[in-house]
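Undergrad: So I've got this file, data_16.tsv, and it contains TSV, N, CA and C atoms:
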chain	number	residue	atom	x	y	z
A	25	VAL	N	32.06	-0.96	-110.29
A	25	VAL	CA	32.69	0.32	-109.96
A	25	VAL	C	32.92	0.37	-108.46
A	26	GLN	N	34.15	0.70	-108.09
A	26	GLN	CA	34.46	0.85	-106.67
A	26	GLN	C	35.32	2.08	-106.44
A	27	LEU	N	34.99	2.82	-105.38
A	27	LEU	CA	35.79	3.93	-104.91
A	27	LEU	C	36.00	3.71	-103.41
A	28	GLN	N	37.23	3.76	-102.98
A	28	GLN	CA	37.57	3.49	-101.59
A	28	GLN	C	38.38	4.66	-101.05
A	29	ALA	N	37.75	5.45	-100.18
A	29	ALA	CA	38.43	6.59	-99.56
A	29	ALA	C	39.12	6.15	-98.28
A	30	SER	N	40.26	6.78	-98.01
A	30	SER	CA	41.00	6.48	-96.78
A	30	SER	C	41.82	7.69	-96.39
A	31	GLY	N	42.41	7.62	-95.21
A	31	GLY	CA	43.29	8.68	-94.74
A	31	GLY	C	42.70	9.57	-93.69
A	32	GLY	N	41.43	9.38	-93.36
A	32	GLY	CA	40.81	10.19	-92.33
A	32	GLY	C	41.39	9.89	-90.96
A	33	GLY	N	41.03	10.72	-90.00
A	33	GLY	CA	41.51	10.52	-88.64
A	33	GLY	C	41.19	11.71	-87.77
A	34	SER	N	41.78	11.72	-86.60
A	34	SER	CA	41.58	12.82	-85.64
A	34	SER	C	42.85	13.65	-85.57
A	35	VAL	N	42.71	14.94	-85.79
A	35	VAL	CA	43.85	15.86	-85.78
A	35	VAL	C	43.47	17.12	-85.01
A	36	GLN	N	44.49	17.93	-84.74
A	36	GLN	CA	44.29	19.21	-84.09
A	36	GLN	C	44.13	20.31	-85.13
A	37	ALA	N	43.44	21.36	-84.75
A	37	ALA	CA	43.30	22.51	-85.64
A	37	ALA	C	44.69	23.02	-86.03
A	38	GLY	N	44.82	23.33	-87.33
A	38	GLY	CA	46.11	23.79	-87.82
A	38	GLY	C	46.98	22.70	-88.41
A	39	ASP	N	46.63	21.46	-88.15
A	39	ASP	CA	47.39	20.32	-88.68
A	39	ASP	C	47.05	20.06	-90.14
A	40	SER	N	47.74	19.08	-90.71
A	40	SER	CA	47.49	18.67	-92.09
A	40	SER	C	47.04	17.22	-92.12
A	41	LEU	N	46.32	16.89	-93.17
A	41	LEU	CA	45.81	15.53	-93.35
A	41	LEU	C	45.74	15.27	-94.84
A	42	ALA	N	45.99	14.03	-95.25
A	42	ALA	CA	45.94	13.68	-96.66
A	42	ALA	C	44.97	12.53	-96.89
A	43	LEU	N	43.97	12.76	-97.69
A	43	LEU	CA	43.00	11.72	-98.03
A	43	LEU	C	43.34	11.13	-99.39
A	44	SER	N	43.04	9.86	-99.54
A	44	SER	CA	43.24	9.18	-100.81
A	44	SER	C	41.97	8.44	-101.20
A	45	CYS	N	41.79	8.25	-102.49
A	45	CYS	CA	40.65	7.48	-102.99
A	45	CYS	C	41.16	6.60	-104.12
A	46	VAL	N	41.14	5.31	-103.89
A	46	VAL	CA	41.56	4.36	-104.92
A	46	VAL	C	40.32	3.86	-105.62
A	47	THR	N	40.41	3.73	-106.95
A	47	THR	CA	39.23	3.37	-107.73
A	47	THR	C	39.49	2.15	-108.60
A	48	SER	N	38.41	1.52	-109.04
A	48	SER	CA	38.51	0.40	-109.95
A	48	SER	C	37.17	0.20	-110.63
A	49	GLY	N	37.22	-0.47	-111.77
A	49	GLY	CA	35.98	-0.83	-112.44
A	49	GLY	C	35.46	0.17	-113.46
A	50	PHE	N	36.21	1.24	-113.71
A	50	PHE	CA	35.81	2.19	-114.73
A	50	PHE	C	37.05	2.88	-115.30
A	51	ALA	N	36.87	3.53	-116.44
A	51	ALA	CA	37.99	4.18	-117.13
A	51	ALA	C	38.30	5.51	-116.45
A	52	PHE	N	39.11	5.43	-115.42
A	52	PHE	CA	39.34	6.56	-114.52
A	52	PHE	C	39.72	7.85	-115.26
A	53	SER	N	40.55	7.75	-116.28
A	53	SER	CA	41.05	8.95	-116.96
A	53	SER	C	39.96	9.67	-117.76
A	54	ASN	N	38.79	9.08	-117.89
A	54	ASN	CA	37.67	9.73	-118.57
A	54	ASN	C	36.69	10.38	-117.60
A	55	TYR	N	37.02	10.38	-116.33
A	55	TYR	CA	36.08	10.82	-115.31
A	55	TYR	C	36.57	12.06	-114.59
A	56	GLN	N	35.63	12.97	-114.36
A	56	GLN	CA	35.88	14.06	-113.43
A	56	GLN	C	35.73	13.48	-112.03
A	57	MET	N	36.62	13.88	-111.13
A	57	MET	CA	36.62	13.38	-109.76
A	57	MET	C	36.38	14.52	-108.79
A	58	ALA	N	35.82	14.20	-107.65
A	58	ALA	CA	35.50	15.24	-106.67
A	58	ALA	C	35.54	14.69	-105.26
A	59	TRP	N	35.65	15.61	-104.32
A	59	TRP	CA	35.48	15.31	-102.90
A	59	TRP	C	34.30	16.12	-102.39
A	60	PHE	N	33.49	15.47	-101.59
A	60	PHE	CA	32.38	16.09	-100.89
A	60	PHE	C	32.52	15.74	-99.41
A	61	ARG	N	31.78	16.44	-98.58
A	61	ARG	CA	31.79	16.11	-97.16
A	61	ARG	C	30.40	16.30	-96.58
A	62	GLN	N	30.18	15.61	-95.47
A	62	GLN	CA	28.85	15.65	-94.86
A	62	GLN	C	28.96	15.51	-93.35
A	63	VAL	N	28.18	16.34	-92.66
A	63	VAL	CA	28.04	16.21	-91.22
A	63	VAL	C	26.61	15.77	-90.94
A	64	PRO	N	26.36	15.18	-89.78
A	64	PRO	CA	25.01	14.68	-89.48
A	64	PRO	C	23.94	15.75	-89.62
A	65	GLU	N	22.85	15.37	-90.23
A	65	GLU	CA	21.67	16.22	-90.38
A	65	GLU	C	21.89	17.40	-91.33
A	66	LYS	N	22.96	17.35	-92.08
A	66	LYS	CA	23.19	18.36	-93.11
A	66	LYS	C	23.39	17.70	-94.45
A	67	GLU	N	23.15	18.45	-95.50
A	67	GLU	CA	23.33	17.91	-96.83
A	67	GLU	C	24.81	17.75	-97.16
A	68	ARG	N	25.09	16.80	-98.04
A	68	ARG	CA	26.45	16.60	-98.49
A	68	ARG	C	26.89	17.83	-99.30
A	69	GLU	N	28.05	18.36	-98.97
A	69	GLU	CA	28.48	19.60	-99.60
A	69	GLU	C	29.75	19.40	-100.41
A	70	PHE	N	29.86	20.17	-101.46
A	70	PHE	CA	31.00	20.14	-102.36
A	70	PHE	C	32.25	20.68	-101.67
A	71	VAL	N	33.38	19.99	-101.92
A	71	VAL	CA	34.66	20.44	-101.38
A	71	VAL	C	35.60	20.85	-102.51
A	72	ALA	N	35.83	19.92	-103.45
A	72	ALA	CA	36.79	20.19	-104.53
A	72	ALA	C	36.53	19.23	-105.68
A	73	THR	N	36.90	19.68	-106.89
A	73	THR	CA	36.77	18.81	-108.05
A	73	THR	C	37.95	19.02	-108.99
A	74	ILE	N	38.21	18.01	-109.81
A	74	ILE	CA	39.33	18.04	-110.74
A	74	ILE	C	38.90	17.37	-112.04
A	75	ASN	N	39.24	17.99	-113.16
A	75	ASN	CA	38.80	17.41	-114.43
A	75	ASN	C	39.66	16.20	-114.79
A	76	TRP	N	39.35	15.56	-115.88
A	76	TRP	CA	39.97	14.28	-116.22
A	76	TRP	C	41.49	14.38	-116.35
A	77	SER	N	41.99	15.51	-116.83
A	77	SER	CA	43.43	15.64	-117.06
A	77	SER	C	44.17	16.17	-115.85
A	78	GLY	N	43.44	16.74	-114.91
A	78	GLY	CA	44.07	17.37	-113.77
A	78	GLY	C	44.40	18.83	-113.99
A	79	LYS	N	44.02	19.36	-115.14
A	79	LYS	CA	44.38	20.73	-115.49
A	79	LYS	C	43.44	21.74	-114.83
A	80	PHE	N	42.18	21.38	-114.68
A	80	PHE	CA	41.19	22.32	-114.16
A	80	PHE	C	40.70	21.87	-112.79
A	81	LEU	N	40.70	22.80	-111.86
A	81	LEU	CA	40.32	22.52	-110.49
A	81	LEU	C	39.30	23.55	-110.04
A	82	ARG	N	38.51	23.16	-109.04
A	82	ARG	CA	37.62	24.12	-108.40
A	82	ARG	C	37.46	23.72	-106.95
A	83	TYR	N	37.37	24.72	-106.08
A	83	TYR	CA	37.23	24.49	-104.64
A	83	TYR	C	36.04	25.28	-104.11
A	84	SER	N	35.48	24.79	-103.03
A	84	SER	CA	34.50	25.59	-102.32
A	84	SER	C	35.22	26.75	-101.65
A	85	ASP	N	34.50	27.80	-101.39
A	85	ASP	CA	35.11	28.97	-100.76
A	85	ASP	C	35.65	28.63	-99.38
A	86	SER	N	35.04	27.68	-98.70
A	86	SER	CA	35.43	27.37	-97.33
A	86	SER	C	36.77	26.65	-97.25
A	87	VAL	N	37.22	26.03	-98.34
A	87	VAL	CA	38.48	25.29	-98.28
A	87	VAL	C	39.53	25.85	-99.23
A	88	LYS	N	39.15	26.80	-100.05
A	88	LYS	CA	40.08	27.36	-101.02
A	88	LYS	C	41.29	27.92	-100.31
A	89	ASP	N	42.46	27.68	-100.87
A	89	ASP	CA	43.77	28.12	-100.33
A	89	ASP	C	44.23	27.27	-99.15
A	90	ARG	N	43.43	26.28	-98.73
A	90	ARG	CA	43.87	25.37	-97.65
A	90	ARG	C	43.94	23.92	-98.13
A	91	PHE	N	43.03	23.54	-99.03
A	91	PHE	CA	42.98	22.17	-99.53
A	91	PHE	C	43.48	22.11	-100.96
A	92	THR	N	44.04	20.96	-101.34
A	92	THR	CA	44.53	20.76	-102.70
A	92	THR	C	44.06	19.41	-103.21
A	93	ILE	N	43.37	19.42	-104.33
A	93	ILE	CA	42.94	18.18	-104.96
A	93	ILE	C	43.92	17.84	-106.08
A	94	SER	N	44.20	16.55	-106.24
A	94	SER	CA	45.08	16.10	-107.31
A	94	SER	C	44.69	14.69	-107.71
A	95	ARG	N	45.25	14.22	-108.80
A	95	ARG	CA	44.92	12.87	-109.26
A	95	ARG	C	46.12	12.23	-109.93
A	96	ASP	N	46.12	10.93	-109.96
A	96	ASP	CA	47.14	10.15	-110.64
A	96	ASP	C	46.38	9.16	-111.54
A	97	ASN	N	46.32	9.46	-112.82
A	97	ASN	CA	45.54	8.62	-113.73
A	97	ASN	C	46.15	7.24	-113.91
A	98	ALA	N	47.45	7.15	-113.79
A	98	ALA	CA	48.10	5.84	-113.92
A	98	ALA	C	47.73	4.92	-112.77
A	99	LYS	N	47.60	5.50	-111.57
A	99	LYS	CA	47.25	4.71	-110.39
A	99	LYS	C	45.74	4.68	-110.14
A	100	LYS	N	44.99	5.46	-110.93
A	100	LYS	CA	43.53	5.54	-110.78
A	100	LYS	C	43.16	5.99	-109.37
A	101	MET	N	43.82	7.06	-108.94
A	101	MET	CA	43.58	7.58	-107.60
A	101	MET	C	43.36	9.09	-107.63
A	102	VAL	N	42.60	9.57	-106.66
A	102	VAL	CA	42.42	10.99	-106.45
A	102	VAL	C	42.76	11.28	-105.00
A	103	PHE	N	43.31	12.48	-104.76
A	103	PHE	CA	43.82	12.83	-103.44
A	103	PHE	C	43.23	14.16	-102.99
A	104	LEU	N	43.22	14.36	-101.68
A	104	LEU	CA	42.85	15.64	-101.11
A	104	LEU	C	43.83	15.95	-99.99
A	105	LYS	N	44.67	16.93	-100.21
A	105	LYS	CA	45.60	17.38	-99.16
A	105	LYS	C	44.92	18.50	-98.40
A	106	MET	N	44.81	18.31	-97.10
A	106	MET	CA	44.12	19.27	-96.25
A	106	MET	C	45.13	19.93	-95.32
A	107	ASP	N	45.35	21.20	-95.50
A	107	ASP	CA	46.28	21.96	-94.66
A	107	ASP	C	45.50	22.96	-93.79
A	108	SER	N	46.12	23.36	-92.70
A	108	SER	CA	45.51	24.35	-91.80
A	108	SER	C	44.06	24.01	-91.50
A	109	VAL	N	43.83	22.76	-91.11
A	109	VAL	CA	42.45	22.33	-90.90
A	109	VAL	C	41.81	23.07	-89.72
A	110	LYS	N	40.50	23.18	-89.79
A	110	LYS	CA	39.73	23.88	-88.77
A	110	LYS	C	38.69	22.92	-88.20
A	111	ALA	N	38.15	23.27	-87.06
A	111	ALA	CA	37.13	22.42	-86.45
A	111	ALA	C	35.94	22.23	-87.38
A	112	GLU	N	35.62	23.26	-88.16
A	112	GLU	CA	34.48	23.17	-89.07
A	112	GLU	C	34.75	22.27	-90.27
A	113	ASP	N	35.97	21.76	-90.41
A	113	ASP	CA	36.26	20.77	-91.45
A	113	ASP	C	35.87	19.37	-91.02
A	114	THR	N	35.48	19.21	-89.78
A	114	THR	CA	35.05	17.90	-89.27
A	114	THR	C	33.85	17.40	-90.06
A	115	ALA	N	33.97	16.21	-90.64
A	115	ALA	CA	32.91	15.65	-91.47
A	115	ALA	C	33.35	14.27	-91.97
A	116	VAL	N	32.42	13.57	-92.59
A	116	VAL	CA	32.77	12.39	-93.36
A	116	VAL	C	33.04	12.86	-94.79
A	117	TYR	N	34.20	12.50	-95.31
A	117	TYR	CA	34.61	12.92	-96.64
A	117	TYR	C	34.41	11.78	-97.63
A	118	TYR	N	33.80	12.13	-98.77
A	118	TYR	CA	33.49	11.16	-99.81
A	118	TYR	C	34.17	11.54	-101.12
A	119	CYS	N	34.70	10.55	-101.83
A	119	CYS	CA	35.15	10.80	-103.19
A	119	CYS	C	34.03	10.39	-104.14
A	120	ALA	N	33.99	11.05	-105.29
A	120	ALA	CA	32.93	10.82	-106.25
A	120	ALA	C	33.48	10.91	-107.66
A	121	ALA	N	32.80	10.23	-108.59
A	121	ALA	CA	33.25	10.19	-109.98
A	121	ALA	C	32.08	10.38	-110.93
A	122	GLU	N	32.35	11.09	-112.01
A	122	GLU	CA	31.35	11.28	-113.05
A	122	GLU	C	32.03	11.27	-114.41
A	123	TYR	N	31.43	10.53	-115.36
A	123	TYR	CA	31.99	10.42	-116.71
A	123	TYR	C	31.97	11.79	-117.39
A	124	LEU	N	33.14	12.31	-117.72
A	124	LEU	CA	33.24	13.62	-118.37
A	124	LEU	C	34.60	13.69	-119.04
A	125	PRO	N	34.72	13.13	-120.24
A	125	PRO	CA	36.02	12.99	-120.88
A	125	PRO	C	36.49	14.21	-121.65
A	126	TYR	N	35.85	15.36	-121.44
A	126	TYR	CA	36.29	16.58	-122.11
A	126	TYR	C	36.49	17.67	-121.07
A	127	SER	N	37.21	18.69	-121.45
A	127	SER	CA	37.58	19.73	-120.50
A	127	SER	C	36.80	21.01	-120.75
A	128	ASP	N	36.16	21.50	-119.74
A	128	ASP	CA	35.47	22.77	-119.81
A	128	ASP	C	35.62	23.44	-118.46
A	129	PRO	N	36.59	24.32	-118.32
A	129	PRO	CA	36.87	24.91	-117.01
A	129	PRO	C	35.72	25.75	-116.48
A	130	ASP	N	34.79	26.15	-117.35
A	130	ASP	CA	33.66	26.96	-116.90
A	130	ASP	C	32.48	26.12	-116.45
A	131	HIS	N	32.57	24.82	-116.59
A	131	HIS	CA	31.44	23.97	-116.25
A	131	HIS	C	31.88	22.73	-115.47
A	132	LEU	N	32.75	22.92	-114.51
A	132	LEU	CA	33.14	21.83	-113.63
A	132	LEU	C	31.97	21.48	-112.72
A	133	LEU	N	31.76	20.20	-112.50
A	133	LEU	CA	30.61	19.73	-111.74
A	133	LEU	C	30.84	19.92	-110.25
A	134	THR	N	29.92	20.62	-109.60
A	134	THR	CA	30.04	20.87	-108.17
A	134	THR	C	28.81	20.44	-107.39
A	135	ASP	N	27.80	19.93	-108.07
A	135	ASP	CA	26.57	19.50	-107.40
A	135	ASP	C	26.63	18.00	-107.15
A	136	ARG	N	26.25	17.56	-105.96
A	136	ARG	CA	26.35	16.15	-105.63
A	136	ARG	C	25.49	15.29	-106.56
A	137	TYR	N	24.42	15.88	-107.09
A	137	TYR	CA	23.52	15.13	-107.97
A	137	TYR	C	24.12	14.91	-109.35
A	138	ASP	N	25.23	15.57	-109.63
A	138	ASP	CA	25.91	15.38	-110.92
A	138	ASP	C	26.76	14.11	-110.95
A	139	TYR	N	27.03	13.55	-109.78
A	139	TYR	CA	27.97	12.43	-109.67
A	139	TYR	C	27.23	11.11	-109.48
A	140	ASP	N	27.61	10.14	-110.29
A	140	ASP	CA	26.95	8.84	-110.25
A	140	ASP	C	27.62	7.84	-109.30
A	141	TYR	N	28.93	7.96	-109.13
A	141	TYR	CA	29.66	6.96	-108.35
A	141	TYR	C	30.27	7.59	-107.10
A	142	TRP	N	30.14	6.86	-106.00
A	142	TRP	CA	30.58	7.37	-104.70
A	142	TRP	C	31.34	6.31	-103.92
A	143	GLY	N	32.31	6.81	-103.14
A	143	GLY	CA	32.99	5.94	-102.20
A	143	GLY	C	32.22	5.88	-100.90
A	144	GLN	N	32.76	5.13	-99.93
A	144	GLN	CA	32.05	4.88	-98.69
A	144	GLN	C	32.29	5.95	-97.63
A	145	GLY	N	33.25	6.83	-97.82
A	145	GLY	CA	33.49	7.90	-96.87
A	145	GLY	C	34.57	7.59	-95.85
A	146	THR	N	35.26	8.62	-95.43
A	146	THR	CA	36.27	8.51	-94.38
A	146	THR	C	36.09	9.67	-93.41
A	147	GLN	N	36.12	9.38	-92.12
A	147	GLN	CA	35.83	10.39	-91.10
A	147	GLN	C	37.05	11.25	-90.81
A	148	VAL	N	36.84	12.55	-90.82
A	148	VAL	CA	37.87	13.51	-90.41
A	148	VAL	C	37.33	14.28	-89.22
A	149	THR	N	38.08	14.27	-88.14
A	149	THR	CA	37.68	14.98	-86.93
A	149	THR	C	38.80	15.94	-86.54
A	150	VAL	N	38.44	17.22	-86.43
A	150	VAL	CA	39.42	18.25	-86.09
A	150	VAL	C	39.05	18.85	-84.74
A	151	SER	N	39.98	18.78	-83.82
A	151	SER	CA	39.76	19.33	-82.48
A	151	SER	C	40.39	20.71	-82.39
A	152	SER	N	39.64	21.62	-81.80
A	152	SER	CA	40.16	22.99	-81.67
A	152	SER	C	40.90	23.17	-80.36
Take the structure from the file and write it as structure tokens.

TA:
Amino acid sequence: VQLQASGGGSVQAGDSLALSCVTSGFAFSNYQMAWFRQVPEKEREFVATINWSGKFLRYSDSVKDRFTISRDNAKKMVFLKMDSVKAEDTAVYYCAAEYLPYSDPDHLLTDRYDYDYWGQGTQVTVSS
């Protein structure tokens, strides 16, 4: 199983950034996918998640209405479009996967301990 996140970089507050996560080694279309982020000395926090079909989404309150998660099951990729970024969005961003081949919009996984597979992270730095 491999997850490879990319697209991070240094941007100014108010700019946009697009992260990608390419995967291999598992049946991607049967997995719920998510993005988390982490800053030094803090716990990894939930950002966004998307169910196997892409129909159900959930965002943290801090990124809702600014970030958009999406997926392409044919390409086995998950994306995070980040708009109107803020300095507090600065973190290492990780993609994660968990086997969940059914849809339940009321029980989307948002806890980092729910996810078994993780990518290596990509750094996002936002300057104010």

Undergrad: Any idea what's packed within 9 Å of A:Arg61, counting only C-alpha atoms, ignoring anything in its chain fewer than 2 positions away? Could you give it as a list in words?

TA: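 After dropping sequence-adjacent residues, the list is Trp59, Val63, Glu67, Arg68, Glu69, Phe70, Val71, Asp113, Thr114, Ala115, Val116, Tyr117, Tyr118, Cys119 and Gly145 of chain A.
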
Undergrad: Which of chain A counts as helix (DSSP H, G or I) under DSSP, as a list in words please?

TA: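 Here are the helix (DSSP H, G or I) residues of chain A: Phe52, Ser53, Asn54, Ala111, Glu112, Asp113, Arg136, Tyr137 and Asp138 of chain A.
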
Undergrad: Which residues are close to A:Ser53, i.e. within 8 Å by all atoms listed in the file, leaving aside same-chain residues fewer than 3 positions away? Reply as a JSON list (two decimals) with N, CA and C atoms, in the coordinates of the input.

TA:
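The resulting around_29.json:
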[["chain", "number", "residue", "atom", "x", "y", "z"],
["A", 50, "PHE", "N", 36.21, 1.24, -113.71],
["A", 50, "PHE", "CA", 35.81, 2.19, -114.73],
["A", 50, "PHE", "C", 37.05, 2.88, -115.30],
["A", 56, "GLN", "N", 35.63, 12.97, -114.36],
["A", 56, "GLN", "CA", 35.88, 14.06, -113.43],
["A", 56, "GLN", "C", 35.73, 13.48, -112.03],
["A", 75, "ASN", "N", 39.24, 17.99, -113.16],
["A", 75, "ASN", "CA", 38.80, 17.41, -114.43],
["A", 75, "ASN", "C", 39.66, 16.20, -114.79],
["A", 76, "TRP", "N", 39.35, 15.56, -115.88],
["A", 76, "TRP", "CA", 39.97, 14.28, -116.22],
["A", 76, "TRP", "C", 41.49, 14.38, -116.35],
["A", 77, "SER", "N", 41.99, 15.51, -116.83],
["A", 77, "SER", "CA", 43.43, 15.64, -117.06],
["A", 77, "SER", "C", 44.17, 16.17, -115.85],
["A", 96, "ASP", "N", 46.12, 10.93, -109.96],
["A", 96, "ASP", "CA", 47.14, 10.15, -110.64],
["A", 96, "ASP", "C", 46.38, 9.16, -111.54],
["A", 97, "ASN", "N", 46.32, 9.46, -112.82],
["A", 97, "ASN", "CA", 45.54, 8.62, -113.73],
["A", 97, "ASN", "C", 46.15, 7.24, -113.91],
["A", 98, "ALA", "N", 47.45, 7.15, -113.79],
["A", 98, "ALA", "CA", 48.10, 5.84, -113.92],
["A", 98, "ALA", "C", 47.73, 4.92, -112.77],
["A", 100, "LYS", "N", 44.99, 5.46, -110.93],
["A", 100, "LYS", "CA", 43.53, 5.54, -110.78],
["A", 100, "LYS", "C", 43.16, 5.99, -109.37],
["A", 124, "LEU", "N", 33.14, 12.31, -117.72],
["A", 124, "LEU", "CA", 33.24, 13.62, -118.37],
["A", 124, "LEU", "C", 34.60, 13.69, -119.04],
["A", 125, "PRO", "N", 34.72, 13.13, -120.24],
["A", 125, "PRO", "CA", 36.02, 12.99, -120.88],
["A", 125, "PRO", "C", 36.49, 14.21, -121.65],
["A", 126, "TYR", "N", 35.85, 15.36, -121.44],
["A", 126, "TYR", "CA", 36.29, 16.58, -122.11],
["A", 126, "TYR", "C", 36.49, 17.67, -121.07]]

Undergrad: Quick one: distance from atom N of A:Met57 to atom C of A:Val148 in Å, one decimal?

TA: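 Those two atoms sit 21.9 Å apart.
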
Undergrad: Atom CA of A:Leu41 to atom CA of A:Arg82: how many Å, to one decimal?

TA: 19.2 Å

Undergrad: Contacts of A:Leu104 at 6 Å or less, counting all atoms listed in the file, minus same-chain residues fewer than 2 places along, as a PDB file with N, CA and C atoms, in the coordinates of the input?

TA:
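After the write, result-v3.pdb holds the following:
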ATOM      1  N   LEU A  41      46.320  16.890 -93.170  1.00  0.00           N
ATOM      2  CA  LEU A  41      45.810  15.530 -93.350  1.00  0.00           C
ATOM      3  C   LEU A  41      45.740  15.270 -94.840  1.00  0.00           C
ATOM      4  N   ALA A  42      45.990  14.030 -95.250  1.00  0.00           N
ATOM      5  CA  ALA A  42      45.940  13.680 -96.660  1.00  0.00           C
ATOM      6  C   ALA A  42      44.970  12.530 -96.890  1.00  0.00           C
ATOM      7  N   LEU A  43      43.970  12.760 -97.690  1.00  0.00           N
ATOM      8  CA  LEU A  43      43.000  11.720 -98.030  1.00  0.00           C
ATOM      9  C   LEU A  43      43.340  11.130 -99.390  1.00  0.00           C
ATOM     10  N   SER A  44      43.040   9.860 -99.540  1.00  0.00           N
ATOM     11  CA  SER A  44      43.240   9.180-100.810  1.00  0.00           C
ATOM     12  C   SER A  44      41.970   8.440-101.200  1.00  0.00           C
ATOM     13  N   THR A  92      44.040  20.960-101.340  1.00  0.00           N
ATOM     14  CA  THR A  92      44.530  20.760-102.700  1.00  0.00           C
ATOM     15  C   THR A  92      44.060  19.410-103.210  1.00  0.00           C
ATOM     16  N   ILE A  93      43.370  19.420-104.330  1.00  0.00           N
ATOM     17  CA  ILE A  93      42.940  18.180-104.960  1.00  0.00           C
ATOM     18  C   ILE A  93      43.920  17.840-106.080  1.00  0.00           C
ATOM     19  N   SER A  94      44.200  16.550-106.240  1.00  0.00           N
ATOM     20  CA  SER A  94      45.080  16.100-107.310  1.00  0.00           C
ATOM     21  C   SER A  94      44.690  14.690-107.710  1.00  0.00           C
ATOM     22  N   VAL A 102      42.600   9.570-106.660  1.00  0.00           N
ATOM     23  CA  VAL A 102      42.420  10.990-106.450  1.00  0.00           C
ATOM     24  C   VAL A 102      42.760  11.280-105.000  1.00  0.00           C
ATOM     25  N   MET A 106      44.810  18.310 -97.100  1.00  0.00           N
ATOM     26  CA  MET A 106      44.120  19.270 -96.250  1.00  0.00           C
ATOM     27  C   MET A 106      45.130  19.930 -95.320  1.00  0.00           C
TER      28      MET A 106
END

Undergrad: What parts of chain A does DSSP call strand (DSSP E or B)? I'd like the answer as a PyMOL selection string.

TA: chain A and resi 26-30+33-36+41-48+55-62+69-74+81-83+91-96+101-106+115-123+141-142+146-151

Undergrad: For a quick check of understanding, using only C-alpha atoms, which of A:Gly143, A:Pro129, A:Gly38, A:Gly49 has the smallest distance to A:Asp107?

TA: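 Among A:Gly143, A:Pro129, A:Gly38, A:Gly49, it is A:Gly38 that comes nearest to A:Asp107.
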
Undergrad: Give as a PDB file with N, CA and C atoms, keeping the file's coordinate frame each residue that has an atom at most 6.5 Å from (30.7, 5.3, -110.1) in the file, counting all atoms listed in the file.

TA:
ATOM      1  N   VAL A  25      32.060  -0.960-110.290  1.00  0.00           N
ATOM      2  CA  VAL A  25      32.690   0.320-109.960  1.00  0.00           C
ATOM      3  C   VAL A  25      32.920   0.370-108.460  1.00  0.00           C
ATOM      4  N   GLN A  26      34.150   0.700-108.090  1.00  0.00           N
ATOM      5  CA  GLN A  26      34.460   0.850-106.670  1.00  0.00           C
ATOM      6  C   GLN A  26      35.320   2.080-106.440  1.00  0.00           C
ATOM      7  N   ALA A 121      32.800  10.230-108.590  1.00  0.00           N
ATOM      8  CA  ALA A 121      33.250  10.190-109.980  1.00  0.00           C
ATOM      9  C   ALA A 121      32.080  10.380-110.930  1.00  0.00           C
ATOM     10  N   GLU A 122      32.350  11.090-112.010  1.00  0.00           N
ATOM     11  CA  GLU A 122      31.350  11.280-113.050  1.00  0.00           C
ATOM     12  C   GLU A 122      32.030  11.270-114.410  1.00  0.00           C
ATOM     13  N   ASP A 140      27.610  10.140-110.290  1.00  0.00           N
ATOM     14  CA  ASP A 140      26.950   8.840-110.250  1.00  0.00           C
ATOM     15  C   ASP A 140      27.620   7.840-109.300  1.00  0.00           C
ATOM     16  N   TYR A 141      28.930   7.960-109.130  1.00  0.00           N
ATOM     17  CA  TYR A 141      29.660   6.960-108.350  1.00  0.00           C
ATOM     18  C   TYR A 141      30.270   7.590-107.100  1.00  0.00           C
ATOM     19  N   TRP A 142      30.140   6.860-106.000  1.00  0.00           N
ATOM     20  CA  TRP A 142      30.580   7.370-104.700  1.00  0.00           C
ATOM     21  C   TRP A 142      31.340   6.310-103.920  1.00  0.00           C
TER      22      TRP A 142
END

Undergrad: Between A:Lys99, A:Lys110, A:Arg136, A:Arg90, single out the one closest to A:Val46, counting all atoms listed in the file.

TA: A:Lys99

Undergrad: Identify, on the basis of all atoms listed in the file, every residue whose closest approach to A:Ser34 does not exceed 7 Å; exclude the query and any residue fewer than 4 positions from it along the same chain; express the result as a ChimeraX atom specification.

TA: /A:147-151

Undergrad: Now that the selection is made, can you save its residues with N, CA and C atoms as a PDB file, in the coordinates of the input?

TA:
ATOM      1  N   GLN A 147      36.120   9.380 -92.120  1.00  0.00           N
ATOM      2  CA  GLN A 147      35.830  10.390 -91.100  1.00  0.00           C
ATOM      3  C   GLN A 147      37.050  11.250 -90.810  1.00  0.00           C
ATOM      4  N   VAL A 148      36.840  12.550 -90.820  1.00  0.00           N
ATOM      5  CA  VAL A 148      37.870  13.510 -90.410  1.00  0.00           C
ATOM      6  C   VAL A 148      37.330  14.280 -89.220  1.00  0.00           C
ATOM      7  N   THR A 149      38.080  14.270 -88.140  1.00  0.00           N
ATOM      8  CA  THR A 149      37.680  14.980 -86.930  1.00  0.00           C
ATOM      9  C   THR A 149      38.800  15.940 -86.540  1.00  0.00           C
ATOM     10  N   VAL A 150      38.440  17.220 -86.430  1.00  0.00           N
ATOM     11  CA  VAL A 150      39.420  18.250 -86.090  1.00  0.00           C
ATOM     12  C   VAL A 150      39.050  18.850 -84.740  1.00  0.00           C
ATOM     13  N   SER A 151      39.980  18.780 -83.820  1.00  0.00           N
ATOM     14  CA  SER A 151      39.760  19.330 -82.480  1.00  0.00           C
ATOM     15  C   SER A 151      40.390  20.710 -82.390  1.00  0.00           C
TER      16      SER A 151
END
